[in-house]
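Data first, discussion second: the structure below is written as structure tokens.
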Amino acid sequence: MTPDTTTSTERIYKRIRRRETTSPRATLAIILAIVLILAIAYAVTETILALVGAAPLIAAPPAMGTAILGLTSYSAAPVVIGGVVAVLVGLLLIIAAVRPGRRPRHPLASERVLTVVDDEVIASALARTAALEGGVDPDHARVSMSRRSALVRVTPASGASTPTSAITAAVSWQLDGLGLTPTPRAKTVLDRARVGA
Amino acid sequence: MTSTRRGLNRLFLVIVGLLLIVTGLGVIAVVTVPAVRDGWSSTAPAVQRSVDEAHAASLLTPEVSWITIGVIAVLVLLAGLLIAFMVKQGHGRTGRLLRETREDEGTTVVDARVAETLLEDALARRDELFASRVTTFDVTGTPTLNIAVTARRGVSPRTVADAVDADVTALDSVLGRQVPAYLHISGGFRARTTARARVR
């Protein structure tokens, strides 16, 4: 590969890594666009109804204008509640726009391709390792993943001792081998043993 | 992988959010702050009068005003922009993988389906994968393979990544070129509900 194609591939991989690990905010944007389109459709309908002299669906545009200008003549409570709701929804939208919106995924080191793994897959693999290391049934090892940690919960078989430090070591070793960014830290906790588990 | 303009999505959320906050705060101020309240009450009749006058001055027929027509036009235009904005989400697939022109040999075009089919066939032979799908996306002008695989339950993502890496490297030698490739390993619903794989 020439140096030129290497850098362009790196640029593309960087872009995809960023885009695939964060939310596009498409769902929220589409919902918002649909709400606005419906509102516009309603406004156009009322305007045309007023134009042809038909009865309004709710209120004709001139009546709406008068109602807005006469805002002070209503009792304050419902108007304030409406205003507060608008402010809160607006704040939530801005928070959604500004926060990165990380997806539960981790980039994984690989040679040729750019790899991104769902946390669910990592958790499943770690749970398998934990179950083997702890000598428990696969259904008795559960892992919850976050960006920087992997929490292993093991339900020990009744009467048997379960080596938490050995499980943590095995899971950490597997995590290191995956080369995730960032590498989550493993932690093992024991659930209360159940009779017959 | 898609060409969705995420900055635009977020900008749209910010604009609507700010409009809601400003309107909400304005409405609250009008009914609670005495100074704003008095100002609103005293200006309202004047505004009403000037709107009525503008309406009367722009009459096209005894009932229809230019302003009404203008309002409808602006609203329809806005709705059109919003629809275009929605439709633009999630595109970017391409059918062409490579295109190369040499002065003496003419132009070579490689269809995306060549790589997609070769890779899918290779991946179908991998036991650790539950399902796989290869598509090609145009990422800022460069065709890029999008490999989506569903891993079997309990399989290490390292095993999966190494397997796919090897298959893509094999594809490189067939094509004689390295095409950027993105691998997404997911655990789908079906992989979760079927039996745990026995992998050594």
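Chain labels run A, B, ... following the order of the structure tokens; each chain numbers its residues from 1, and ligands are numbered from 1 in the order shown.
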Show me which bits of chain A are within 7 Å of chain B, counting only C-alpha atoms, as a short mmCIF file (atom, residue, chain, number, x, y, z; two decimals) with N, CA and C atoms, in the first residue's frame.
```
data_model
loop_
_atom_site.label_atom_id
_atom_site.label_comp_id
_atom_site.auth_asym_id
_atom_site.auth_seq_id
_atom_site.Cartn_x
_atom_site.Cartn_y
_atom_site.Cartn_z
N THR A 9 -7.21 5.55 4.41
CA THR A 9 -7.91 4.48 5.11
C THR A 9 -8.00 4.79 6.59
N ILE A 12 -10.72 7.26 7.11
CA ILE A 12 -12.04 6.64 7.00
C ILE A 12 -12.35 5.82 8.26
N ILE A 16 -15.48 6.24 10.80
CA ILE A 16 -16.45 5.17 11.06
C ILE A 16 -16.46 4.82 12.55
N PRO A 24 -26.60 8.53 16.06
CA PRO A 24 -26.81 9.55 15.02
C PRO A 24 -27.92 10.53 15.39
N ARG A 25 -28.65 10.23 16.47
CA ARG A 25 -29.80 11.05 16.87
C ARG A 25 -30.83 11.13 15.76
N ALA A 26 -30.88 10.09 14.93
CA ALA A 26 -31.80 10.11 13.79
C ALA A 26 -33.24 9.89 14.25
N ALA A 29 -34.58 13.07 15.76
CA ALA A 29 -34.74 14.10 14.73
C ALA A 29 -35.95 13.79 13.84
N ILE A 30 -36.15 12.51 13.51
CA ILE A 30 -37.27 12.13 12.64
C ILE A 30 -38.59 12.33 13.38
N ALA A 33 -39.31 15.96 13.43
CA ALA A 33 -39.70 16.44 12.10
C ALA A 33 -41.15 16.06 11.81
N ILE A 37 -44.17 18.56 11.03
CA ILE A 37 -44.91 18.47 9.77
C ILE A 37 -46.42 18.38 10.05
N ILE A 40 -47.63 21.79 10.99
CA ILE A 40 -47.72 22.64 9.79
C ILE A 40 -48.95 22.25 8.97
N VAL A 44 -51.91 24.80 7.94
CA VAL A 44 -52.28 25.04 6.54
C VAL A 44 -53.77 24.72 6.36
N LEU A 51 -59.96 30.53 4.48
CA LEU A 51 -59.92 31.14 3.15
C LEU A 51 -61.22 30.88 2.39
N LEU A 69 -52.57 37.25 21.63
CA LEU A 69 -52.42 38.63 22.10
C LEU A 69 -53.13 38.83 23.44
N THR A 72 -52.74 37.56 28.54
CA THR A 72 -52.80 38.04 29.93
C THR A 72 -54.19 37.91 30.54
N ALA A 76 -53.39 32.41 35.29
CA ALA A 76 -51.95 32.19 35.10
C ALA A 76 -51.54 30.72 35.14
N VAL A 79 -51.28 28.49 31.92
CA VAL A 79 -50.31 29.09 30.99
C VAL A 79 -48.89 28.83 31.47
N VAL A 80 -48.65 28.99 32.78
CA VAL A 80 -47.32 28.74 33.34
C VAL A 80 -46.94 27.27 33.18
N GLY A 83 -45.90 26.70 29.72
CA GLY A 83 -44.57 27.27 29.49
C GLY A 83 -43.47 26.41 30.07
N VAL A 84 -43.70 25.90 31.29
CA VAL A 84 -42.69 25.06 31.95
C VAL A 84 -42.46 23.78 31.14
N ALA A 86 -42.87 23.38 27.93
CA ALA A 86 -42.11 23.75 26.72
C ALA A 86 -40.63 23.91 27.04
N VAL A 87 -40.32 24.58 28.16
CA VAL A 87 -38.92 24.79 28.54
C VAL A 87 -38.24 23.46 28.82
N GLY A 90 -37.62 21.55 25.64
CA GLY A 90 -36.51 22.22 24.95
C GLY A 90 -35.16 21.87 25.55
N LEU A 91 -35.09 21.85 26.88
CA LEU A 91 -33.84 21.49 27.56
C LEU A 91 -33.43 20.07 27.24
N LEU A 93 -34.14 18.34 24.60
CA LEU A 93 -33.66 18.29 23.21
C LEU A 93 -32.22 18.78 23.12
N ILE A 94 -31.92 19.87 23.84
CA ILE A 94 -30.56 20.42 23.77
C ILE A 94 -29.57 19.47 24.43
N ALA A 97 -28.86 16.82 22.05
CA ALA A 97 -28.04 17.29 20.93
C ALA A 97 -26.57 17.41 21.33
N SER A 110 -7.82 -4.83 15.69
CA SER A 110 -7.62 -5.87 14.69
C SER A 110 -6.71 -5.34 13.59
N GLU A 111 -6.14 -6.27 12.81
CA GLU A 111 -5.08 -5.90 11.87
C GLU A 111 -5.58 -5.19 10.63
N ARG A 112 -6.49 -5.85 9.94
CA ARG A 112 -6.84 -5.41 8.61
C ARG A 112 -8.13 -4.57 8.59
N VAL A 113 -9.14 -5.04 9.33
CA VAL A 113 -10.43 -4.35 9.30
C VAL A 113 -10.58 -3.49 10.56
N LEU A 114 -11.51 -2.57 10.51
CA LEU A 114 -11.86 -1.81 11.70
C LEU A 114 -12.99 -2.58 12.38
N THR A 115 -12.78 -2.98 13.64
CA THR A 115 -13.78 -3.81 14.31
C THR A 115 -14.43 -3.08 15.49
N VAL A 116 -15.75 -3.17 15.56
CA VAL A 116 -16.51 -2.64 16.69
C VAL A 116 -17.42 -3.77 17.19
N VAL A 117 -17.39 -4.02 18.50
CA VAL A 117 -18.16 -5.13 19.07
C VAL A 117 -19.24 -4.62 20.01
N ASP A 118 -20.42 -5.20 19.92
CA ASP A 118 -21.47 -4.89 20.88
C ASP A 118 -21.06 -5.40 22.26
N GLU A 120 -22.76 -6.60 24.51
CA GLU A 120 -23.48 -7.84 24.76
C GLU A 120 -22.64 -9.07 24.37
N VAL A 121 -21.92 -8.96 23.24
CA VAL A 121 -21.09 -10.07 22.77
C VAL A 121 -19.89 -10.25 23.71
N ILE A 122 -19.29 -9.13 24.12
CA ILE A 122 -18.15 -9.20 25.03
C ILE A 122 -18.60 -9.82 26.35
N SER A 124 -21.03 -11.82 26.96
CA SER A 124 -21.34 -13.24 26.77
C SER A 124 -20.05 -14.08 26.79
N ALA A 125 -19.00 -13.58 26.11
CA ALA A 125 -17.73 -14.29 26.08
C ALA A 125 -17.07 -14.31 27.46
N ARG A 128 -18.71 -16.76 29.84
CA ARG A 128 -18.30 -18.13 29.54
C ARG A 128 -16.98 -18.45 30.23
N LEU A 178 -8.48 -8.87 24.01
CA LEU A 178 -9.41 -8.29 23.05
C LEU A 178 -8.92 -6.94 22.53
#
```
- Item | For atom CA of A:Thr21 and atom CA of A:Gly101, the interatomic separation in Å (one decimal) | 8.5 Å
- Task: Would you list, as number ranges by chain, the residues of stretch 71-142 of chain A that end up in strand (DSSP E) under DSSP run on this structure's backbone?
- Result: A: 105-108, 114-118, 141-142
Backbone DSSP call of helix (DSSP H, G or I) for stretch 34-153 of chain B, listed as a compact mmCIF listing (two decimals) with N, CA, C and O atoms, in the first residue's frame:
```
# COMPACT_ATOMS: atom_id res chain seq x y z
N PRO B 34 -44.99 41.29 36.34
CA PRO B 34 -45.93 42.40 36.15
C PRO B 34 -45.53 43.37 35.03
O PRO B 34 -46.39 43.75 34.22
N ALA B 35 -44.23 43.71 34.95
CA ALA B 35 -43.79 44.67 33.94
C ALA B 35 -44.05 44.13 32.53
O ALA B 35 -44.59 44.83 31.67
N VAL B 36 -43.66 42.84 32.31
CA VAL B 36 -43.85 42.22 30.99
C VAL B 36 -45.34 42.12 30.69
O VAL B 36 -45.80 42.37 29.57
N ARG B 37 -46.08 41.76 31.72
CA ARG B 37 -47.52 41.60 31.59
C ARG B 37 -48.20 42.91 31.12
O ARG B 37 -48.98 42.92 30.17
N ASP B 38 -47.83 44.01 31.78
CA ASP B 38 -48.40 45.31 31.41
C ASP B 38 -47.98 45.71 30.01
O ASP B 38 -48.78 46.22 29.22
N GLY B 39 -46.71 45.47 29.70
CA GLY B 39 -46.20 45.81 28.37
C GLY B 39 -46.97 45.05 27.30
O GLY B 39 -47.37 45.61 26.27
N TRP B 40 -47.19 43.76 27.55
CA TRP B 40 -47.91 42.89 26.59
C TRP B 40 -49.34 43.41 26.40
O TRP B 40 -49.79 43.60 25.27
N SER B 41 -50.03 43.71 27.51
CA SER B 41 -51.42 44.17 27.42
C SER B 41 -51.52 45.50 26.67
O SER B 41 -52.46 45.72 25.91
N SER B 42 -50.55 46.40 26.90
CA SER B 42 -50.66 47.73 26.29
C SER B 42 -50.29 47.71 24.81
O SER B 42 -50.79 48.51 24.03
N THR B 43 -49.40 46.76 24.39
CA THR B 43 -49.01 46.73 22.97
C THR B 43 -49.97 45.88 22.14
O THR B 43 -50.07 46.07 20.93
N ALA B 44 -50.65 44.92 22.77
CA ALA B 44 -51.50 43.99 22.03
C ALA B 44 -52.49 44.67 21.09
O ALA B 44 -52.56 44.30 19.91
N PRO B 45 -53.26 45.68 21.55
CA PRO B 45 -54.23 46.30 20.63
C PRO B 45 -53.56 46.90 19.40
O PRO B 45 -54.09 46.78 18.28
N ALA B 46 -52.39 47.55 19.60
CA ALA B 46 -51.68 48.16 18.47
C ALA B 46 -51.25 47.10 17.46
O ALA B 46 -51.38 47.29 16.24
N VAL B 47 -50.76 45.98 17.96
CA VAL B 47 -50.33 44.88 17.08
C VAL B 47 -51.53 44.37 16.30
O VAL B 47 -51.49 44.20 15.07
N GLN B 48 -52.63 44.14 17.03
CA GLN B 48 -53.85 43.65 16.40
C GLN B 48 -54.27 44.59 15.27
O GLN B 48 -54.58 44.17 14.15
N ARG B 49 -54.23 45.92 15.57
CA ARG B 49 -54.65 46.92 14.58
C ARG B 49 -53.75 46.88 13.35
O ARG B 49 -54.22 46.85 12.22
N SER B 50 -52.43 46.84 13.55
CA SER B 50 -51.53 46.88 12.40
C SER B 50 -51.65 45.61 11.56
O SER B 50 -51.55 45.66 10.34
N VAL B 51 -51.89 44.45 12.22
CA VAL B 51 -52.09 43.22 11.46
C VAL B 51 -53.36 43.33 10.61
O VAL B 51 -53.37 43.00 9.42
N ASP B 52 -54.42 43.84 11.24
CA ASP B 52 -55.68 44.01 10.51
C ASP B 52 -55.50 44.96 9.32
O ASP B 52 -56.00 44.71 8.22
N GLU B 53 -54.75 46.04 9.55
CA GLU B 53 -54.52 47.01 8.47
C GLU B 53 -53.73 46.39 7.33
O GLU B 53 -54.06 46.56 6.16
N ALA B 54 -52.67 45.64 7.68
CA ALA B 54 -51.84 44.99 6.66
C ALA B 54 -52.70 44.02 5.86
O ALA B 54 -52.58 43.91 4.63
N HIS B 55 -53.56 43.29 6.57
CA HIS B 55 -54.45 42.34 5.93
C HIS B 55 -55.37 43.06 4.95
O HIS B 55 -55.51 42.67 3.79
N ALA B 56 -55.97 44.16 5.41
CA ALA B 56 -56.90 44.92 4.58
C ALA B 56 -56.20 45.53 3.37
O ALA B 56 -56.76 45.62 2.28
N ALA B 57 -54.92 45.92 3.56
CA ALA B 57 -54.20 46.60 2.48
C ALA B 57 -53.74 45.63 1.39
O ALA B 57 -53.42 46.06 0.28
N TRP B 66 -53.03 38.62 0.29
CA TRP B 66 -51.72 38.11 -0.12
C TRP B 66 -50.99 37.50 1.07
O TRP B 66 -50.24 36.55 0.93
N ILE B 67 -51.23 38.08 2.22
CA ILE B 67 -50.54 37.59 3.42
C ILE B 67 -50.91 36.13 3.68
O ILE B 67 -50.05 35.29 3.95
N THR B 68 -52.21 35.83 3.55
CA THR B 68 -52.66 34.45 3.75
C THR B 68 -51.95 33.50 2.80
O THR B 68 -51.43 32.45 3.21
N ILE B 69 -51.92 33.90 1.52
CA ILE B 69 -51.26 33.07 0.51
C ILE B 69 -49.78 32.90 0.87
O ILE B 69 -49.22 31.80 0.81
N GLY B 70 -49.15 33.99 1.29
CA GLY B 70 -47.74 33.95 1.68
C GLY B 70 -47.50 33.01 2.83
O GLY B 70 -46.56 32.21 2.82
N VAL B 71 -48.38 33.08 3.84
CA VAL B 71 -48.25 32.21 5.01
C VAL B 71 -48.33 30.74 4.59
O VAL B 71 -47.50 29.91 4.98
N ILE B 72 -49.31 30.42 3.73
CA ILE B 72 -49.45 29.04 3.26
C ILE B 72 -48.19 28.61 2.52
O ILE B 72 -47.64 27.52 2.76
N ALA B 73 -47.68 29.49 1.65
CA ALA B 73 -46.49 29.15 0.86
C ALA B 73 -45.30 28.86 1.77
O ALA B 73 -44.59 27.86 1.59
N VAL B 74 -45.09 29.71 2.78
CA VAL B 74 -43.96 29.52 3.69
C VAL B 74 -44.11 28.21 4.47
O VAL B 74 -43.14 27.44 4.61
N LEU B 75 -45.33 27.93 4.94
CA LEU B 75 -45.56 26.69 5.69
C LEU B 75 -45.30 25.46 4.83
O LEU B 75 -44.66 24.50 5.27
N VAL B 76 -45.79 25.49 3.59
CA VAL B 76 -45.60 24.34 2.69
C VAL B 76 -44.11 24.15 2.40
O VAL B 76 -43.59 23.03 2.41
N LEU B 77 -43.40 25.26 2.20
CA LEU B 77 -41.96 25.19 1.94
C LEU B 77 -41.24 24.56 3.14
O LEU B 77 -40.39 23.67 2.99
N LEU B 78 -41.62 24.98 4.33
CA LEU B 78 -41.02 24.46 5.56
C LEU B 78 -41.27 22.95 5.69
O LEU B 78 -40.36 22.18 6.01
N ALA B 79 -42.52 22.55 5.39
CA ALA B 79 -42.86 21.12 5.46
C ALA B 79 -42.03 20.34 4.45
O ALA B 79 -41.53 19.25 4.74
N GLY B 80 -41.84 20.92 3.25
CA GLY B 80 -41.03 20.27 2.21
C GLY B 80 -39.60 20.07 2.69
O GLY B 80 -39.01 19.00 2.52
N LEU B 81 -39.03 21.09 3.33
CA LEU B 81 -37.67 21.00 3.85
C LEU B 81 -37.57 19.90 4.90
O LEU B 81 -36.62 19.12 4.93
N LEU B 82 -38.57 19.82 5.79
CA LEU B 82 -38.56 18.81 6.85
C LEU B 82 -38.65 17.40 6.25
O LEU B 82 -37.97 16.48 6.72
N ILE B 83 -39.47 17.25 5.20
CA ILE B 83 -39.60 15.94 4.56
C ILE B 83 -38.27 15.55 3.91
O ILE B 83 -37.77 14.43 4.08
N ALA B 84 -37.64 16.52 3.23
CA ALA B 84 -36.33 16.26 2.61
C ALA B 84 -35.31 15.86 3.68
O ALA B 84 -34.52 14.92 3.49
N PHE B 85 -35.36 16.53 4.81
CA PHE B 85 -34.45 16.25 5.92
C PHE B 85 -34.63 14.82 6.43
O PHE B 85 -33.66 14.10 6.68
N MET B 86 -35.90 14.38 6.53
CA MET B 86 -36.18 13.02 6.99
C MET B 86 -35.69 11.97 6.00
O MET B 86 -35.10 10.97 6.37
N VAL B 87 -35.98 12.24 4.72
CA VAL B 87 -35.66 11.26 3.67
C VAL B 87 -34.15 11.07 3.53
O VAL B 87 -33.67 10.00 3.18
N ALA B 112 -19.54 -3.92 -6.53
CA ALA B 112 -19.48 -4.20 -5.09
C ALA B 112 -19.92 -5.62 -4.77
O ALA B 112 -19.46 -6.23 -3.82
N ARG B 113 -20.81 -6.15 -5.61
CA ARG B 113 -21.34 -7.49 -5.32
C ARG B 113 -20.27 -8.57 -5.38
O ARG B 113 -20.39 -9.61 -4.76
N VAL B 114 -19.19 -8.31 -6.15
CA VAL B 114 -18.10 -9.29 -6.24
C VAL B 114 -17.53 -9.53 -4.84
O VAL B 114 -17.48 -10.66 -4.35
N ALA B 115 -17.12 -8.44 -4.20
CA ALA B 115 -16.53 -8.56 -2.87
C ALA B 115 -17.56 -9.05 -1.86
O ALA B 115 -17.25 -9.90 -1.00
N GLU B 116 -18.77 -8.54 -1.96
CA GLU B 116 -19.81 -8.91 -1.00
C GLU B 116 -20.08 -10.42 -1.04
O GLU B 116 -20.13 -11.09 -0.01
N THR B 117 -20.21 -10.96 -2.27
CA THR B 117 -20.51 -12.38 -2.41
C THR B 117 -19.34 -13.25 -1.96
O THR B 117 -19.52 -14.22 -1.23
N LEU B 118 -18.12 -12.86 -2.38
CA LEU B 118 -16.94 -13.64 -1.98
C LEU B 118 -16.82 -13.69 -0.46
O LEU B 118 -16.60 -14.76 0.13
N LEU B 119 -16.98 -12.55 0.18
CA LEU B 119 -16.85 -12.50 1.65
C LEU B 119 -17.97 -13.26 2.35
O LEU B 119 -17.73 -14.02 3.28
N GLU B 120 -19.19 -13.07 1.86
CA GLU B 120 -20.32 -13.76 2.49
C GLU B 120 -20.16 -15.27 2.40
O GLU B 120 -20.44 -15.99 3.35
N ASP B 121 -19.67 -15.74 1.25
CA ASP B 121 -19.44 -17.18 1.09
C ASP B 121 -18.39 -17.67 2.07
O ASP B 121 -18.54 -18.72 2.71
N ALA B 122 -17.30 -16.92 2.20
CA ALA B 122 -16.23 -17.31 3.12
C ALA B 122 -16.74 -17.31 4.56
O ALA B 122 -16.45 -18.23 5.33
N LEU B 123 -17.51 -16.28 4.93
CA LEU B 123 -17.98 -16.15 6.31
C LEU B 123 -19.02 -17.22 6.65
O LEU B 123 -19.13 -17.65 7.79
N ALA B 124 -19.77 -17.65 5.63
CA ALA B 124 -20.80 -18.66 5.87
C ALA B 124 -20.18 -19.97 6.32
O ALA B 124 -20.82 -20.79 6.98
```
- Which is closer to A:Glu133 than all the others in A:Ser149, A:Leu71, A:Thr164, A:His106, using only C-alpha atoms?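 Among A:Ser149, A:Leu71, A:Thr164, A:His106, it is A:Thr164 that comes nearest to A:Glu133.
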- Task: Work out how far atom CA of A:Thr47 is from atom CA of A:Ser75, in Å to one decimal.
- Result: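 Between these atoms lies a distance of 27.9 Å.
Atom CA of A:Arg148 is found 12.8 Å from atom CA of A:Gly179.
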